[in-house]
>>> print(open('target_18.json').read())   # JSON, C-alpha atoms
[["chain", "number", "residue", "atom", "x", "y", "z"],
["A", 196, "MET", "CA", -167.07, 106.36, 233.69],
["A", 197, "THR", "CA", -164.88, 103.30, 233.94],
["A", 198, "ARG", "CA", -161.40, 102.95, 232.46],
["A", 199, "ALA", "CA", -161.12, 99.94, 230.14],
["A", 200, "VAL", "CA", -158.36, 98.49, 228.00],
["A", 201, "LEU", "CA", -158.86, 96.85, 224.60],
["A", 202, "SER", "CA", -156.21, 94.86, 222.76],
["A", 203, "LEU", "CA", -156.33, 94.96, 218.95],
["A", 204, "GLY", "CA", -154.64, 92.56, 216.55],
["A", 205, "SER", "CA", -154.71, 91.71, 212.85],
["A", 206, "ASN", "CA", -152.70, 89.35, 210.66],
["A", 207, "LEU", "CA", -154.81, 89.05, 207.50],
["A", 208, "GLY", "CA", -155.41, 91.53, 204.70],
["A", 209, "ASP", "CA", -154.49, 95.20, 205.09],
["A", 210, "ARG", "CA", -153.60, 94.88, 208.76],
["A", 211, "MET", "CA", -153.02, 98.59, 209.39],
["A", 212, "ALA", "CA", -156.25, 99.69, 207.68],
["A", 213, "THR", "CA", -158.08, 97.08, 209.74],
["A", 214, "LEU", "CA", -156.59, 98.34, 213.02],
["A", 215, "GLN", "CA", -157.48, 101.95, 212.15],
["A", 216, "GLY", "CA", -160.96, 100.88, 211.10],
["A", 217, "ALA", "CA", -161.35, 99.04, 214.40],
["A", 218, "VAL", "CA", -160.40, 102.17, 216.37],
["A", 219, "ASP", "CA", -162.86, 104.23, 214.34],
["A", 220, "THR", "CA", -165.62, 101.62, 214.78],
["A", 221, "LEU", "CA", -165.03, 101.12, 218.50],
["A", 222, "LEU", "CA", -165.06, 104.87, 219.16],
["A", 223, "GLY", "CA", -167.93, 105.78, 216.83],
["A", 224, "GLY", "CA", -171.68, 105.80, 217.16],
["A", 225, "PRO", "CA", -174.11, 106.01, 220.05],
["A", 226, "GLY", "CA", -172.78, 104.93, 223.43],
["A", 227, "ALA", "CA", -169.19, 104.87, 222.21],
["A", 228, "PRO", "CA", -166.47, 104.96, 224.83],
["A", 229, "ALA", "CA", -164.30, 108.06, 225.10],
["A", 230, "PRO", "CA", -160.72, 107.64, 223.90],
["A", 231, "VAL", "CA", -157.99, 108.09, 226.50],
["A", 232, "ALA", "CA", -154.89, 106.81, 224.69],
["A", 233, "VAL", "CA", -153.75, 104.57, 221.88],
["A", 234, "SER", "CA", -150.44, 102.75, 221.86],
["A", 235, "PRO", "CA", -147.85, 102.58, 219.13],
["A", 236, "VAL", "CA", -148.34, 99.73, 216.67],
["A", 237, "TYR", "CA", -146.20, 96.63, 217.17],
["A", 238, "GLU", "CA", -145.42, 93.79, 214.79],
["A", 239, "THR", "CA", -145.40, 90.50, 216.62],
["A", 240, "ALA", "CA", -144.94, 86.83, 215.95],
["A", 241, "PRO", "CA", -148.09, 84.77, 216.53],
["A", 242, "VAL", "CA", -148.37, 83.04, 219.91],
["A", 243, "GLY", "CA", -149.92, 79.57, 219.81],
["A", 244, "GLY", "CA", -152.09, 78.24, 217.03],
["A", 245, "PRO", "CA", -151.13, 77.12, 213.53],
["A", 246, "ASP", "CA", -148.40, 78.59, 211.33],
["A", 247, "GLN", "CA", -149.49, 82.05, 210.27],
["A", 248, "GLY", "CA", -148.24, 85.51, 209.41],
["A", 249, "ALA", "CA", -147.12, 88.20, 211.81],
["A", 250, "PHE", "CA", -149.64, 90.36, 213.64],
["A", 251, "LEU", "CA", -149.93, 94.08, 214.00],
["A", 252, "ASN", "CA", -151.01, 94.78, 217.59],
["A", 253, "ALA", "CA", -152.01, 97.86, 219.57],
["A", 254, "VAL", "CA", -153.86, 98.77, 222.74],
["A", 255, "LEU", "CA", -156.70, 101.25, 223.07],
["A", 256, "VAL", "CA", -157.46, 102.78, 226.48],
["A", 257, "VAL", "CA", -160.98, 104.16, 226.86],
["A", 258, "ASP", "CA", -163.40, 105.54, 229.42],
["A", 259, "THR", "CA", -166.86, 104.03, 229.16],
["A", 260, "ALA", "CA", -170.23, 104.49, 230.80],
["A", 261, "GLY", "CA", -171.32, 101.11, 229.43],
["A", 262, "THR", "CA", -171.19, 97.73, 231.12],
["A", 263, "PRO", "CA", -168.47, 95.15, 230.46],
["A", 264, "GLY", "CA", -171.00, 93.19, 228.39],
["A", 265, "GLU", "CA", -171.78, 96.23, 226.27],
["A", 266, "LEU", "CA", -168.07, 96.80, 225.66],
["A", 267, "LEU", "CA", -167.66, 93.14, 224.66],
["A", 268, "ALA", "CA", -170.62, 93.45, 222.26],
["A", 269, "ARG", "CA", -169.02, 96.54, 220.70],
["A", 270, "ALA", "CA", -165.72, 94.64, 220.32],
["A", 271, "GLN", "CA", -167.48, 91.69, 218.68],
["A", 272, "ASP", "CA", -169.42, 94.01, 216.37],
["A", 273, "ALA", "CA", -166.11, 95.54, 215.25],
["A", 274, "GLU", "CA", -164.67, 92.07, 214.61],
["A", 275, "ARG", "CA", -167.70, 91.13, 212.49],
["A", 276, "ALA", "CA", -167.49, 94.41, 210.57],
["A", 277, "PHE", "CA", -163.98, 93.41, 209.48],
["A", 278, "GLY", "CA", -164.86, 89.85, 208.52],
["A", 279, "ARG", "CA", -163.66, 87.98, 211.59],
["A", 280, "VAL", "CA", -164.31, 84.26, 211.25],
["A", 281, "ARG", "CA", -163.73, 81.91, 214.19],
["A", 282, "GLU", "CA", -162.72, 78.61, 212.60],
["A", 283, "VAL", "CA", -159.41, 77.72, 214.24],
["A", 284, "ARG", "CA", -158.54, 78.63, 217.82],
["A", 285, "TRP", "CA", -155.73, 81.18, 217.78],
["A", 286, "GLY", "CA", -155.73, 80.99, 213.99],
["A", 287, "PRO", "CA", -155.20, 83.82, 211.52],
["A", 288, "ARG", "CA", -157.74, 86.63, 211.71],
["A", 289, "THR", "CA", -158.62, 89.89, 210.11],
["A", 290, "LEU", "CA", -159.33, 91.44, 213.50],
["A", 291, "ASP", "CA", -159.13, 90.36, 217.10],
["A", 292, "VAL", "CA", -160.43, 92.71, 219.80],
["A", 293, "ASP", "CA", -160.09, 91.60, 223.42],
["A", 294, "VAL", "CA", -161.41, 93.37, 226.49],
["A", 295, "VAL", "CA", -158.27, 93.16, 228.62],
["A", 296, "SER", "CA", -159.54, 95.01, 231.68],
["A", 297, "TYR", "CA", -162.57, 96.94, 232.84],
["A", 298, "GLY", "CA", -161.77, 99.09, 235.86],
["A", 299, "ASP", "CA", -160.88, 96.90, 238.83],
["A", 300, "VAL", "CA", -163.40, 94.21, 237.89],
["A", 301, "CYS", "CA", -162.34, 90.61, 238.45],
["A", 302, "ASP", "CA", -164.95, 88.17, 237.14],
["A", 303, "ASP", "CA", -164.83, 84.55, 235.96],
["A", 304, "ASP", "CA", -167.88, 84.87, 233.69],
["A", 305, "PRO", "CA", -167.30, 82.40, 230.81],
["A", 306, "ASP", "CA", -168.54, 84.97, 228.27],
["A", 307, "LEU", "CA", -166.11, 87.66, 229.47],
["A", 308, "THR", "CA", -163.43, 86.80, 232.00],
["A", 309, "LEU", "CA", -161.96, 89.95, 233.54],
["A", 310, "PRO", "CA", -159.22, 90.75, 233.47],
["A", 311, "HIS", "CA", -158.34, 88.79, 230.33],
["A", 312, "PRO", "CA", -157.02, 85.45, 231.64],
["A", 313, "ARG", "CA", -153.82, 85.47, 229.54],
["A", 314, "ALA", "CA", -153.03, 89.20, 229.37],
["A", 315, "HIS", "CA", -150.28, 88.88, 231.99],
["A", 316, "LEU", "CA", -148.53, 86.30, 229.75],
["A", 317, "ARG", "CA", -148.56, 88.29, 226.52],
["A", 318, "ALA", "CA", -145.90, 90.83, 225.68],
["A", 319, "PHE", "CA", -147.98, 91.96, 222.68],
["A", 320, "VAL", "CA", -150.60, 93.18, 225.17],
["A", 321, "LEU", "CA", -148.38, 94.38, 228.01],
["A", 322, "GLN", "CA", -145.84, 96.42, 226.01],
["A", 323, "PRO", "CA", -148.37, 98.48, 224.04],
["A", 324, "TRP", "CA", -150.47, 98.94, 227.18],
["A", 325, "LEU", "CA", -147.44, 100.19, 229.08],
["A", 326, "ASP", "CA", -146.68, 102.62, 226.25],
["A", 327, "ALA", "CA", -150.24, 103.95, 226.35],
["A", 328, "ASP", "CA", -150.39, 104.11, 230.15],
["A", 329, "PRO", "CA", -147.05, 103.90, 232.00],
["A", 330, "LEU", "CA", -148.81, 103.57, 235.37],
["A", 331, "ALA", "CA", -151.19, 100.81, 234.25],
["A", 332, "GLU", "CA", -152.07, 97.95, 236.58],
["A", 333, "LEU", "CA", -153.68, 94.64, 235.68],
["A", 334, "PRO", "CA", -156.31, 93.92, 238.35],
["A", 335, "GLY", "CA", -155.27, 91.02, 240.56],
["A", 336, "ARG", "CA", -151.79, 90.89, 238.97],
["A", 337, "GLY", "CA", -150.09, 94.21, 239.66],
["A", 338, "PRO", "CA", -148.25, 96.86, 237.65],
["A", 339, "VAL", "CA", -148.02, 96.17, 233.94],
["A", 340, "ALA", "CA", -144.36, 97.29, 233.97],
["A", 341, "ASP", "CA", -143.51, 94.56, 236.51],
["A", 342, "LEU", "CA", -145.47, 91.92, 234.62],
["A", 343, "LEU", "CA", -143.70, 92.80, 231.38],
["A", 344, "ALA", "CA", -140.27, 92.81, 233.03],
["A", 345, "GLY", "CA", -140.93, 89.35, 234.47],
["A", 346, "LEU", "CA", -142.15, 88.06, 231.13],
["A", 347, "VAL", "CA", -139.14, 89.39, 229.25],
["A", 348, "ALA", "CA", -136.79, 87.85, 231.83],
["A", 349, "GLU", "CA", -138.46, 84.44, 231.39],
["A", 350, "ASP", "CA", -138.57, 84.52, 227.57],
["A", 351, "THR", "CA", -135.22, 83.04, 226.59],
["A", 352, "GLY", "CA", -136.54, 81.48, 223.37],
["A", 353, "GLY", "CA", -137.67, 84.73, 221.77],
["A", 354, "ALA", "CA", -141.22, 83.40, 221.45],
["A", 355, "GLN", "CA", -142.68, 86.82, 222.22],
["A", 356, "GLU", "CA", -140.58, 89.01, 220.00],
["A", 357, "LEU", "CA", -142.19, 92.26, 219.10],
["A", 358, "ARG", "CA", -140.97, 95.39, 217.44],
["A", 359, "VAL", "CA", -142.47, 98.81, 217.38],
["A", 360, "ARG", "CA", -143.45, 99.99, 213.91],
["A", 361, "GLU", "CA", -142.32, 103.60, 213.94],
["A", 362, "ASP", "CA", -143.65, 103.94, 210.37],
["A", 363, "LEU", "CA", -147.22, 103.17, 211.44],
["A", 364, "GLY", "CA", -149.55, 105.00, 213.80],
["A", 365, "LEU", "CA", -153.18, 104.94, 214.82],
["A", 366, "ARG", "CA", -155.32, 108.08, 214.99],
["A", 367, "LEU", "CA", -157.93, 108.78, 217.60],
["A", 368, "PRO", "CA", -161.00, 110.86, 216.73],
["A", 369, "GLY", "CA", -159.97, 114.47, 216.40],
["A", 370, "GLY", "CA", -156.61, 113.53, 214.92],
["A", 371, "GLU", "CA", -154.96, 112.56, 218.19],
["A", 372, "GLY", "CA", -152.72, 109.53, 218.39],
["A", 373, "ARG", "CA", -149.44, 108.25, 217.11]]
>>> encode(input="target_18.json", output="structure tokens")
Amino acid sequence: MTRAVLSLGSNLGDRMATLQGAVDTLLGGPGAPAPVAVSPVYETAPVGGPDQGAFLNAVLVVDTAGTPGELLARAQDAERAFGRVREVRWGPRTLDVDVVSYGDVCDDDPDLTLPHPRAHLRAFVLQPWLDADPLAELPGRGPVADLLAGLVAEDTGGAQELRVREDLGLRLPGGEGR
């Protein structure tokens, strides 16, 4: 089994129902990864792209026996199941699922770059990941806590504001979660 990290985001429609549906879809069916942890849900301002509404973001930590490509296919299947359309880069979306890391794999494959090439620059990935796994490390970059601290120190314009949504929580199979 390999530990992998998936970042989830939604800013169209019923964002919370979409995130929960994504967790259920990602962790259901044959060959599904085993859940390890799910982060709290954060509301975040969009980073890059056109003007658009706020996102709900979370991180799902899993153990998988599948390959990175199989995990990516599962993520893309979940996006399609929730009506993801790729028209505008970094535009609004019903669901965005990114494979952030897959064990210690570092790979520049254009179909799936590991770890995610911008994860170390995104508070909406690092903060939920840190909540789900306080000892997390981003391969080739170091401890997630250090990356987040450096990012927060650099962000004087508030471009990566995020706030935990204590009123929302994702469930893992079996009722576990926040």
>>> residues_around(input="target_18.json", residues="stretch 365-369 of chain A", least_positions_apart="6", cutoff="10 Å", atoms="all atoms listed in the file", output="number ranges by chain")
A: 211-212, 214-216, 218-219, 222-223, 229-236, 253, 255
>>> residues_near_point(input="target_18.json", point="(-150.9, 101.6, 229.6)", cutoff="9 Å", atoms="all atoms listed in the file", output="VMD selection string")
chain A and resid 200 232 to 234 254 to 256 321 to 332 339 to 340
>>> atom_distance(input="target_18.json", atom1="atom CA of A:Leu201", atom2="atom CA of A:Val294")
4.7 Å
>>> closest_atom_pairs(input="target_18.json", of="stretch 225-247 of chain A", to="stretch 266-276 of chain A", cutoff="10 Å", atoms="only C-alpha atoms", output="Markdown table")
| residue | atom | partner | partner_atom | distance |
| --- | --- | --- | --- | --- |
| A:Gly226 | CA | A:Arg269 | CA | 9.6 |
| A:Ala227 | CA | A:Arg269 | CA | 8.5 |
| A:Pro228 | CA | A:Leu266 | CA | 8.4 |
>>> residues_around(input="target_18.json", residues="A:Leu346", least_positions_apart="4", cutoff="8 Å", atoms="only C-alpha atoms", output="ChimeraX atom specification")
/A:316-318,342,350
>>> atom_distance(input="target_18.json", atom1="atom CA of A:Leu203", atom2="atom CA of A:Asn252")
5.5 Å
>>> atom_distance(input="target_18.json", atom1="atom CA of A:Thr197", atom2="atom CA of A:Ala314")
19.0 Å
